[in-house]
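Worksheet: one structure, shown below.
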Amino acid sequence: MDSPDEILDERKQRKLAQMTRRDEERKIDLQNKQDERQSGTSTNVGRKFFDQEYPQMKSEIEDLFSNLSINKDENAIQDIADRLQKMEKFITEHVDILRSRDIANAQSDVMKLRTQLNSLQVDSLSSTHRIDFAKTHEENPKQEQEVDSSNSVSPSSNLIVSSNTINISNKNNELIRLESSDLDGKDVAIENLKQCEIFLKGIPSSLQIKNLHACILIVGPCSRSVLIDQCRQCEFALACQQLRVHTSTECDFYVHITAQPIIEDCNNLRFAPYNVEYKLKDKHVKESGLLWTKDYWNDVRDFNHMIPGMPSPNWEIIAEEERKEWSLD
């Protein structure tokens with residue numbers, strides 16, 4: 001039987017251990033709070049800078065459009081295209097710290113300005129292209145688009161290629177292929193497609209995708225960001241720096257990404273590693289500047305489910321036996 005002194009010493013040791021543990025817990029909690037404050041301060045500073053700069057960038061572009069309504073000048077149109085590209089890059093650089101409504105408003109602004117720009121380019125740019133459609137001999141044929149640089153754009157084609165942007169919209173049951181000569185360094189906007197297959201073999205600068213239904217989109221390495229909104233029952237194969245998905249459902253993503261993918265207001269999404277192969281892949285990866293040793297394909301951040309330690313019900317990993325393989329050759 002232990003002596004009274006031994007019992008007292010054991011109690012002291014337990015008490016000391018408890019105090020030490022509580023002290024360590026307090027230190028960790030204090031550090032976490034400091035980190036949160038620093039992160040919040042950085043976010044607020046970034047948002048303040050965005051709120052100051054973005055309206056000015058938008059206003060300057062709108063002023064240029066107003067001046068063009070009087071006198072259409074090709075140099076001025078090119079200036080608008082360059083400024084709009086810089087504005088999109090500015091949005092992408094701040095996407096992680098912006099509120100969802102700010103991102104939605106910025107995306108809407110970009111789409112409206114792109115529409116205005118594309119309308120001007122149809123009328124004024126001699127460097128644009130016409131897309132010709134040729135039916136296949138399948139029972140329910142899709143149409144394949146090929147760029148013919150000898151002709152001007154037909155407004156009814158709904159695919160506009162200019163020096164800075166490619167716009168693909170309002171298509172149904174078509175096969176669309178674009179090569180490096182059409183894509184490299186350009187921003188691509190894709191909107192209002194149903195049951196289409198799109199193969200982009202090159203290095204686009206960024207992708208903005210909206211309202212796709214039952215489509216397949218396979219893309220080479222994108223040097224910047226991909227923004228996806230209002231898509232359902234689609235399959236995407238993408239490699240990029242940043243991926244943000246809004247208001248989409250029942251979509252599969254095969255991705256290589258150098259930052260956490262972000263989803264919001266989505267459900268029934270599935271993710272797997274990027275599995276696109278083609279002869280020029282290694283060359284395109286190097287030219288895109290993407291870090292191929294860094295990949296967050298399975299580290300998805302769901303803004304509608306921020307509970308630590310509990311998996312989001314809105315996305316899952318595609319089982320290996322269910323994963324598909326894609327080719328751009």
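A note on labels: chains of the structure tokens are A, B, ... as shown, every chain counts residues from 1, and ligands are counted from 1 in their shown order.
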
For the structure I just gave you, how does DSSP split region 211-303 of chain A - specifically, which residues are strand (DSSP E)? Reply as a PyMOL selection string. chain A and resi 211-213+216-221+225-229+235-240+242-246+252-257+262-264+269-273+276-277+301-302

Under the rule that only C-alpha atoms are counted, which of A:Gln230, A:Gln260, A:Ser288, A:Asn105 is the nearest residue to Ile203 (chain A)? A:Ser288

Please provide the set of residues having any atom within 12 Å of Ser66 (chain A), restricted to only C-alpha atoms, with same-chain residues fewer than 6 positions apart removed, written as a list in words.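 The contact residues come out as Ser59, Glu60, Lys72, Ala76, Ile77, Ile80, Gln116 and Leu117 of chain A.
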
Separation of CA of Ala239 (chain A) and CA of Trp315 (chain A), in Å? 18.7 Å

Show which residues sit within 10 Å of region 235-237 of chain A, as a ChimeraX atom specification. Count only C-alpha atoms, and ignore same-chain residues fewer than 5 positions away. /A:197-199,213-221,250-256,270-276,324-326
